[in-house]
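Participant: Sharing entry_27.txt (compact mmCIF, C-alpha atoms) below.
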```txt
# COMPACT_ATOMS: atom_id res chain seq x y z
CA MET A 271 -23.41 0.69 -22.00
CA GLU A 272 -21.71 -2.69 -21.43
CA GLU A 273 -18.31 -1.11 -22.17
CA ILE A 274 -18.92 1.50 -19.46
CA TYR A 275 -19.46 -1.20 -16.87
CA GLN A 276 -16.28 -3.00 -17.95
CA ARG A 277 -14.11 0.08 -17.45
CA LYS A 278 -12.38 0.43 -14.11
CA LEU A 279 -10.95 3.58 -12.53
CA ILE A 280 -8.47 3.39 -9.66
CA ILE A 281 -8.27 6.44 -7.41
CA ARG A 282 -5.27 6.44 -5.06
CA ILE A 283 -5.58 8.76 -2.08
CA GLY A 284 -2.74 9.47 0.35
CA LYS A 285 -2.36 12.11 3.02
CA ASN A 286 -1.27 14.74 0.50
CA THR A 287 -1.41 12.82 -2.77
CA LEU A 288 -4.09 11.99 -5.29
CA SER A 289 -3.95 10.13 -8.60
CA PHE A 290 -6.19 8.43 -11.14
CA THR A 291 -5.34 5.26 -13.06
CA MET A 292 -7.28 3.33 -15.66
CA PRO A 293 -6.31 0.00 -17.28
CA ASN A 294 -6.33 0.46 -21.05
CA PRO A 295 -5.83 -3.06 -22.48
CA ALA A 296 -6.86 -2.06 -26.00
CA ASP A 297 -3.66 0.01 -26.37
CA GLN A 298 -0.52 -2.14 -26.19
CA GLU A 299 1.73 0.91 -26.04
CA ARG A 300 -0.18 2.46 -23.10
CA PRO A 301 -1.99 -0.37 -21.28
CA PHE A 302 -2.26 1.80 -18.16
CA LEU A 303 -3.30 5.45 -18.11
CA TYR A 304 -1.90 7.28 -15.07
CA GLU A 305 -2.81 10.84 -14.08
CA PRO A 306 -1.43 12.37 -10.86
CA TYR A 307 -3.26 15.39 -9.47
CA ILE A 308 -1.47 18.21 -7.65
CA VAL A 309 -3.14 18.49 -4.25
CA LYS A 310 -3.75 22.04 -3.06
CA GLY A 311 -2.80 22.82 0.53
CA GLY A 312 -5.17 24.55 2.90
CA ILE A 313 -8.27 22.71 1.72
CA SER A 314 -9.51 19.23 2.55
CA MET A 315 -8.88 16.17 0.40
CA ALA A 316 -12.64 15.97 -0.21
CA VAL A 317 -12.58 19.47 -1.78
CA ASN A 318 -9.43 18.57 -3.73
CA LEU A 319 -11.22 15.51 -5.09
CA ARG A 320 -14.23 17.58 -6.16
CA GLU A 321 -11.88 19.96 -7.97
CA ALA A 322 -10.04 17.06 -9.59
CA PHE A 323 -13.31 15.70 -10.96
CA LYS A 324 -13.68 18.96 -12.90
CA THR A 325 -10.26 18.89 -14.56
CA ALA A 326 -8.72 15.38 -14.54
CA ASP A 327 -8.98 13.72 -17.95
CA LEU A 328 -9.60 10.20 -16.64
CA THR A 329 -12.55 11.28 -14.52
CA ALA A 330 -14.27 12.52 -17.68
CA ILE A 331 -14.41 8.95 -19.00
CA ASP A 332 -17.73 7.41 -18.02
CA THR A 333 -17.22 4.42 -15.74
CA ARG A 334 -19.10 2.58 -13.03
CA ARG A 335 -16.45 0.41 -11.34
CA VAL A 336 -14.07 2.29 -9.06
CA GLN A 337 -11.35 1.00 -6.75
CA VAL A 338 -10.22 3.51 -4.13
CA LEU A 339 -6.69 2.76 -2.92
CA VAL A 340 -6.36 4.41 0.49
CA ASP A 341 -2.92 5.12 1.99
CA THR A 342 -3.74 5.80 5.66
CA PRO A 343 -2.85 4.21 9.02
CA SER A 344 -4.19 0.68 9.41
CA MET A 345 -4.40 -2.12 11.94
CA LEU A 346 -4.52 -5.89 11.60
CA VAL A 347 -6.94 -8.23 13.36
CA PRO A 348 -6.60 -12.04 13.37
CA ILE A 349 -9.38 -13.37 11.19
CA GLU A 350 -10.71 -15.65 13.92
CA GLN A 351 -11.18 -12.62 16.21
CA PHE A 352 -12.77 -10.38 13.58
CA ASP A 353 -16.25 -9.03 14.35
CA GLU A 354 -17.58 -6.57 11.77
CA GLU A 355 -19.97 -4.99 14.28
CA ASN A 356 -17.07 -3.87 16.49
CA ILE A 357 -14.61 -2.54 13.91
CA THR A 358 -15.28 1.16 14.61
CA THR A 359 -14.88 0.75 18.37
CA LEU A 360 -11.70 -1.30 17.92
CA PHE A 361 -10.15 1.08 15.38
CA ASN A 362 -10.97 4.16 17.48
CA HIS A 363 -9.33 2.51 20.49
CA VAL A 364 -6.07 2.07 18.58
CA PHE A 365 -6.33 5.33 16.62
CA PRO A 366 -8.35 7.75 18.82
CA ALA A 367 -10.79 9.82 16.78
CA THR A 368 -10.04 13.52 16.35
CA GLN A 369 -12.56 16.09 15.12
CA GLU A 370 -12.44 14.37 11.73
CA GLN A 371 -15.56 12.37 10.89
CA ARG A 372 -14.51 9.02 9.50
CA LEU A 373 -15.82 5.67 8.35
CA VAL A 374 -13.98 2.46 9.21
CA ARG A 375 -13.57 -0.01 6.36
CA PHE A 376 -11.87 -3.39 6.16
CA ASN A 377 -10.15 -5.77 3.74
CA VAL A 378 -9.99 -9.50 4.42
CA LEU A 379 -6.57 -11.10 3.81
CA PRO A 380 -7.52 -14.79 3.61
CA SER A 381 -4.04 -16.06 2.72
CA LEU A 382 -2.66 -14.37 5.86
CA LYS A 383 -5.63 -15.18 8.13
CA ALA A 384 -5.99 -11.49 8.99
CA VAL A 385 -8.27 -8.51 8.40
CA CYS A 386 -6.96 -4.99 7.72
CA LEU A 387 -8.96 -2.14 9.30
CA PHE A 388 -8.56 1.43 8.05
CA ALA A 389 -10.48 4.70 8.06
CA VAL A 390 -11.84 6.88 5.26
CA ASN A 391 -12.77 10.51 5.83
CA LYS A 392 -16.57 10.74 5.84
CA ASP A 393 -16.72 13.80 3.55
CA LEU A 394 -14.30 12.15 1.14
CA ALA A 395 -16.39 8.98 1.07
CA GLY A 396 -19.48 11.12 0.43
CA VAL A 397 -17.87 12.77 -2.61
CA LEU A 398 -17.04 9.35 -4.03
CA GLN A 399 -20.45 7.85 -3.29
CA ASP A 400 -22.21 10.80 -4.91
CA ARG A 401 -20.35 10.21 -8.16
CA PHE A 402 -19.89 6.44 -8.49
CA ASP A 403 -22.26 3.49 -8.20
CA ASP A 404 -19.76 0.66 -7.60
CA LEU A 405 -17.07 1.56 -5.05
CA GLN A 406 -14.47 -0.74 -3.55
CA PHE A 407 -12.13 0.61 -0.85
CA ILE A 408 -8.72 -1.08 -0.68
CA HIS A 409 -5.95 -0.25 1.76
CA ALA A 410 -2.70 0.53 -0.05
CA MET A 411 -0.80 -2.14 1.90
CA THR A 412 -3.20 -4.93 0.93
CA PRO A 413 -1.71 -5.71 -2.53
CA VAL A 414 1.82 -5.25 -1.13
CA TRP A 415 1.27 -7.70 1.72
CA HIS A 416 -0.42 -10.20 -0.59
CA TYR A 417 2.32 -10.17 -3.21
CA LEU A 418 5.32 -10.10 -0.86
CA HIS A 419 3.79 -12.90 1.20
CA GLN A 420 3.76 -15.02 -1.96
CA ARG A 421 7.29 -13.87 -2.75
CA SER A 422 8.50 -14.83 0.72
CA PHE A 423 8.14 -18.53 -0.13
CA THR A 424 11.08 -18.35 -2.55
CA GLY A 425 14.12 -19.84 -0.84
CA HIS A 426 14.25 -21.23 2.67
CA ARG A 427 15.38 -18.27 4.76
CA SER A 428 13.29 -15.79 6.76
CA LYS A 429 12.72 -12.41 5.13
CA LEU A 430 12.05 -8.95 6.56
CA TYR A 431 10.44 -6.35 4.28
CA GLY A 432 10.45 -2.57 4.44
CA TYR A 433 8.14 -0.51 2.23
CA PHE A 434 8.72 3.27 2.03
CA HIS A 435 5.70 5.31 0.94
CA GLY A 436 4.54 8.81 1.71
CA LYS A 437 6.32 9.67 4.93
CA ARG A 438 6.00 6.19 6.39
CA LEU A 439 7.98 2.98 6.57
CA ASP A 440 5.99 -0.24 6.88
CA ILE A 441 8.06 -3.15 8.20
CA PHE A 442 6.68 -6.66 8.12
CA SER A 443 7.60 -10.32 8.06
CA PHE A 444 5.68 -13.54 7.51
CA GLN A 445 5.81 -16.98 9.03
CA GLN A 446 4.04 -19.43 6.74
CA ASN A 447 0.48 -18.07 6.44
CA ARG A 448 0.61 -15.49 9.23
CA PHE A 449 2.18 -12.15 9.97
CA LYS A 450 5.21 -12.64 12.16
CA PHE A 451 5.61 -8.88 12.55
CA CYS A 452 3.88 -5.80 11.13
CA ASN A 453 4.28 -2.17 12.18
CA ALA A 454 4.58 1.27 10.62
CA PHE A 455 6.96 4.11 11.48
CA ASP A 456 6.72 7.77 10.53
CA THR A 457 9.98 8.79 8.92
CA THR A 458 11.54 10.37 5.85
CA ASP A 459 15.07 10.12 7.24
CA ALA A 460 17.43 7.35 6.11
CA HIS A 461 19.21 7.23 9.48
CA ASP A 462 15.93 6.72 11.34
CA ALA A 463 14.90 4.10 8.79
CA LEU A 464 18.16 2.22 9.32
CA TYR A 465 17.54 2.20 13.08
CA PHE A 466 13.94 0.95 12.70
CA LEU A 467 14.90 -1.80 10.25
CA LEU A 468 17.80 -3.10 12.34
CA TYR A 469 15.79 -2.81 15.57
CA VAL A 470 13.02 -5.01 14.16
CA TRP A 471 15.62 -7.40 12.73
CA LYS A 472 17.13 -7.79 16.19
CA GLN A 473 13.71 -8.05 17.85
CA LEU A 474 12.80 -10.96 15.56
CA ARG A 475 16.19 -12.60 16.20
CA LEU A 476 16.92 -12.96 12.52
CA GLU A 477 20.35 -14.25 11.50
CA ALA A 478 22.74 -11.78 9.89
CA GLU A 479 24.52 -14.53 7.92
CA HIS A 480 21.51 -16.25 6.37
CA ASP A 481 18.23 -14.32 6.62
CA GLU A 482 17.23 -11.60 4.16
CA MET A 483 16.24 -7.92 4.25
CA HIS A 484 14.29 -6.51 1.30
CA ILE A 485 13.38 -2.82 0.94
CA VAL A 486 11.24 -1.20 -1.73
CA GLY A 487 9.43 2.02 -2.58
CA ASN A 488 10.51 5.64 -2.33
CA ILE A 489 13.66 4.84 -0.36
CA PRO A 490 15.50 7.85 1.15
CA GLU A 491 19.23 7.91 0.34
CA GLN A 492 18.88 4.46 -1.18
CA ASP A 493 22.56 3.77 -1.93
CA TRP A 494 23.67 4.89 1.54
CA LEU A 495 20.92 2.94 3.30
CA LEU A 496 21.68 -0.27 1.40
CA GLN A 497 25.40 0.12 2.08
CA GLU A 498 24.75 0.59 5.82
CA LEU A 499 22.43 -2.41 5.96
CA LYS A 500 25.13 -4.53 4.34
CA ARG A 501 27.52 -3.55 7.13
CA TYR A 502 25.36 -5.58 9.49
CA LEU A 503 23.58 -8.09 7.22
CA GLN A 504 24.99 -10.27 4.49
CA LYS A 505 21.75 -10.43 2.50
CA ALA A 506 20.19 -6.96 2.07
CA TYR A 507 18.47 -6.09 -1.18
CA VAL A 508 16.45 -3.38 -2.93
CA ILE A 509 13.47 -4.86 -4.79
CA ASN A 510 13.52 -3.80 -8.44
CA PRO A 511 9.87 -3.69 -9.59
CA SER A 512 10.84 -3.80 -13.27
CA ALA A 513 12.71 -7.08 -12.83
CA ASP A 514 10.21 -8.44 -10.31
CA PHE A 515 7.21 -7.74 -12.53
CA GLN A 516 8.92 -8.86 -15.74
CA GLU A 517 9.15 -5.33 -17.12
CA SER A 518 5.41 -4.73 -16.98
CA PRO A 519 4.45 -1.39 -18.58
CA ALA A 520 3.26 -0.25 -15.13
CA THR A 521 6.87 -0.27 -13.91
CA LYS A 522 7.84 2.25 -16.59
CA ILE A 523 5.42 4.94 -15.38
CA ALA A 524 7.38 7.62 -13.53
CA ASN A 525 6.59 8.15 -9.84
CA MET A 526 3.88 5.50 -9.65
CA PRO A 527 3.74 4.19 -6.05
CA TYR A 528 4.77 0.57 -5.60
CA ASP A 529 1.44 -0.36 -4.02
CA LEU A 530 -0.50 0.91 -7.04
CA MET A 531 1.94 -0.82 -9.37
CA THR A 532 1.49 -4.08 -7.46
CA LEU A 533 -2.30 -3.77 -7.59
CA LEU A 534 -2.18 -3.28 -11.37
CA VAL A 535 0.23 -6.15 -12.04
CA LYS A 536 -0.67 -8.69 -9.37
CA GLY A 537 -4.13 -7.66 -8.15
CA ARG A 538 -5.12 -7.37 -4.51
```
Would you write out, as structure tokens, the structure that this file holds?

Facilitator:
Amino acid sequence: MEEIYQRKLIIRIGKNTLSFTMPNPADQERPFLYEPYIVKGGISMAVNLREAFKTADLTAIDTRRVQVLVDTPSMLVPIEQFDEENITTLFNHVFPATQEQRLVRFNVLPSLKAVCLFAVNKDLAGVLQDRFDDLQFIHAMTPVWHYLHQRSFTGHRSKLYGYFHGKRLDIFSFQQNRFKFCNAFDTTDAHDALYFLLYVWKQLRLEAEHDEMHIVGNIPEQDWLLQELKRYLQKAYVINPSADFQESPATKIANMPYDLMTLLVKGR
């Protein structure tokens, strides 16, 4: 029974994506087990999750500890202004509620003096709560922000980051222990992404000769986008997770999202 409580399952849920991951430290060749699930269109993610529980191999392994990595829209609140009793009202003001029933959750980012608010579909949360005793909801950006904030202290120049995931581009920058900028843009187009990245760069008054642009994730037309960025900026880079994470086995798993990879290697 003790071994069951030590096992941890990570369920990553995006708008149209679902996967299961389990650390497997006893096996040096496969220290992480990763199992994507093909989401069926026309039915809710809650129903997809119920179906996945019937067929996914990792869900058949008895476990009690579950981290749910949620890739949905989020908002940041300065930690000194955070009031847990008002999170639903605040979130619904920024992201007006539709017919979907949802629960607002939060992650505290102590190193950045901020709190991330995000929503979980109520039916989806119910499916998870019915099956697991120990649930922890984590927004997908939380491990990314945490790690890249630490990374931003290397060197002395300001850095702007762009993370491509799903059909979104999150752009953010840090100033010491705060967010200097953070926003998300819906796009799968490299030309639109170029515009958003350079627009934020200009808005922050970063210097083309000295400051740095770093992009990572499922980058559309990566070679073209990097080439175009270098037309305007001297220091534009694509983050290579394999080099960044010292060739961790997680970086060798095909199609694993960068946020999940970062959670596995660096924690939240």

Participant: Smallest atom-to-atom distance to Asp529 of chain A: which of A:Ile357, A:Met345, A:Ile283, A:Leu503, using only C-alpha atoms?

Facilitator: A:Ile283

Participant: Taking all atoms listed in the file into account, name the residue in A:Leu534, A:Val378, A:Ile280, A:Val364 that is nearest to Leu405 of chain A.

Facilitator: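 Using all atoms listed in the file, Leu405 of chain A sits closest to A:Ile280.
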
Participant: Please list as a PyMOL selection string every residue within 8 Å of segment 504-510 of chain A, counting all atoms listed in the file and excluding residues in the same chain fewer than 4 positions away.

Facilitator: chain A and resi 478-486+496+499-500+514

Participant: For a quick check of understanding, using only C-alpha atoms, which of A:Leu360, A:Pro306, A:Glu517, A:Ala460 has the smallest distance to Asp493 of chain A?

Facilitator: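 Between A:Leu360, A:Pro306, A:Glu517, A:Ala460, the residue approaching Asp493 of chain A most closely is A:Ala460.
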
Participant: What is the atom CA of Ala389 of chain A to atom CA of Phe376 of chain A distance in Å?

Facilitator: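 Pair atom CA of Ala389 of chain A / atom CA of Phe376 of chain A returns 8.4 Å.
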
Participant: Taking 4 positions as the minimum chain separation for residues in the same chain, which residues sit within 10 Å of Arg277 of chain A when counting only C-alpha atoms? Answer as an mmCIF file with C-alpha atoms, in the coordinates of the input.

Facilitator:
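New file selection10.cif:
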```cif
data_model
loop_
_atom_site.group_PDB
_atom_site.id
_atom_site.type_symbol
_atom_site.label_atom_id
_atom_site.label_comp_id
_atom_site.auth_asym_id
_atom_site.auth_seq_id
_atom_site.Cartn_x
_atom_site.Cartn_y
_atom_site.Cartn_z
ATOM 1 C CA GLU A 272 -21.710 -2.690 -21.430
ATOM 2 C CA GLU A 273 -18.310 -1.110 -22.170
ATOM 3 C CA MET A 292 -7.280 3.330 -15.660
ATOM 4 C CA PRO A 293 -6.310 0.000 -17.280
ATOM 5 C CA ASN A 294 -6.330 0.460 -21.050
ATOM 6 C CA ILE A 331 -14.410 8.950 -19.000
ATOM 7 C CA ASP A 332 -17.730 7.410 -18.020
ATOM 8 C CA THR A 333 -17.220 4.420 -15.740
ATOM 9 C CA ARG A 334 -19.100 2.580 -13.030
ATOM 10 C CA ARG A 335 -16.450 0.410 -11.340
ATOM 11 C CA VAL A 336 -14.070 2.290 -9.060
#
```

Participant: Report, in Å to a single decimal, how far apart atom CA of Arg401 of chain A and atom CA of Glu355 of chain A are.

Facilitator: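 Atom-to-atom, atom CA of Glu355 of chain A and atom CA of Arg401 of chain A are spaced 27.1 Å apart.
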
Participant: To one decimal place in Å, what is the distance between atom CA of Phe302 of chain A and atom CA of Gln420 of chain A?

Facilitator: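 Atom-to-atom, atom CA of Phe302 of chain A to atom CA of Gln420 of chain A, that is 24.1 Å.
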
Participant: Considering all atoms listed in the file, give me a table of residues in segment 314-414 of chain A that are at most 7 Å from segment 445-448 of chain A, with the closest atom pair and distance in Å for each, as CSV.

Facilitator:
```
residue,atom,partner,partner_atom,distance
A:Ser381,CA,A:Asn447,CA,6.2
A:Leu382,CA,A:Arg448,CA,4.8
A:Lys383,CA,A:Arg448,CA,6.3
```

Participant: Counting only C-alpha atoms, which residue out of A:Phe407, A:Thr412, A:Leu467, A:Glu321 sits closest to Tyr431 of chain A?

Facilitator: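 Distance minimum relative to Tyr431 of chain A lands on A:Leu467.
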